[in-house]
Amino acid sequence: MSEGDSISVFWGGSHTGIYAALHPNVPFAGKAVGGSRISDSNGNGLVQRLTTDLALQPGYVTILIGANDLGDGNYASADLWLNALWAYVATVRASGAKVAVGTVLPICVAGFPQYVATHNARRAIVNPAIRQAVGTRIDAVIDFAADPDMGPDTAACDTRWYKDGLHPTDGANDFTGGQGRMARIYSDALDKFIK
């Protein structure tokens with residue numbers, strides 16, 4: 001099962017959809033919803049969907065979150081955002097599922113300079129923490145941010161990889177486009193993660 005925000009929404013041109021198409025023998029439930037946050041008083045959060053998600057009894061869960069709440073001021077610091085993520089992950093792991101977390105991608109949206117600056121500054125804190133959590137808080141990392149084309153702060157301004165400074169360009173099963181590049185990273189991580 002995959003959870004997250006609009007970057008992970010399940011359809012044919014997303015990294016989750018491409019992964020499922022290329023792995024037809026792996027049962028896959030794409031549960032990401034556009035605009036999602038870790039927790040959302042309006043109901044559009046990972047925490048709010050948790051009971052419904054866990055009712056599916058997933059053996060493996062992938063999470064990519066942060067585009068909507070890492071830099072918006074909902075959390076006073078990167079550490080508080082991480083604490084919320086770890087609390088959510090702990091509940092998922094307590095169900096018996098193994099969890100892989102994706103590193104947070106950059107943002108380049110000219111109309112929101114403060115949000116972009118905060119988001120990208122906090123990525124420098126949370127991404128190393130996500131990588132270091134393997135084996136303790138999480139079972140695996142999907143290191144999107146380590147990719148030399150998708151991961152640097154300036155990458156989100158490159159229309160080859162990001163169509164609007166936030167969402168990766170549509171992908172295909174041959175791993176083209178931003179979502180295609182993500183699908184290759186996602187597939188490589190999951191091929192090692194799912195046994």
# chains A, B, ... in the order shown; residues from 1 in each chain; ligands from 1
$ residues_around --residues "Arg181 of chain A" --least-positions-apart "2" --cutoff "9 Å" --atoms "only C-alpha atoms" --output "list in words"
His15, Phe144, Asp147, Asp149, Met150, Trp161, Gly171, Phe175, Thr176, Gly177, Gly178, Gln179, Ala183, Arg184, Ile185 and Tyr186 of chain A
$ select_by_dssp --residues "segment 2-150 of chain A" --states "alpha helix (DSSP H)" --output "MDAnalysis selection string"
chainID A and resid 15:22 46:54 78:94 113:132
$ closest_residue --among "A:Cys108, A:Ala32, A:Gln114, A:Pro27" --to "Phe10 of chain A" --atoms "only C-alpha atoms"
A:Ala32
$ atom_distance --atom1 "atom CA of Val89 of chain A" --atom2 "atom CA of Ala124 of chain A"
20.5 Å
$ select_by_dssp --residues "segment 15-164 of chain A" --states "strand (DSSP E or B)" --output "PyMOL selection string"
chain A and resi 30+37+45+60-64+98-102+134+138+140-142+162
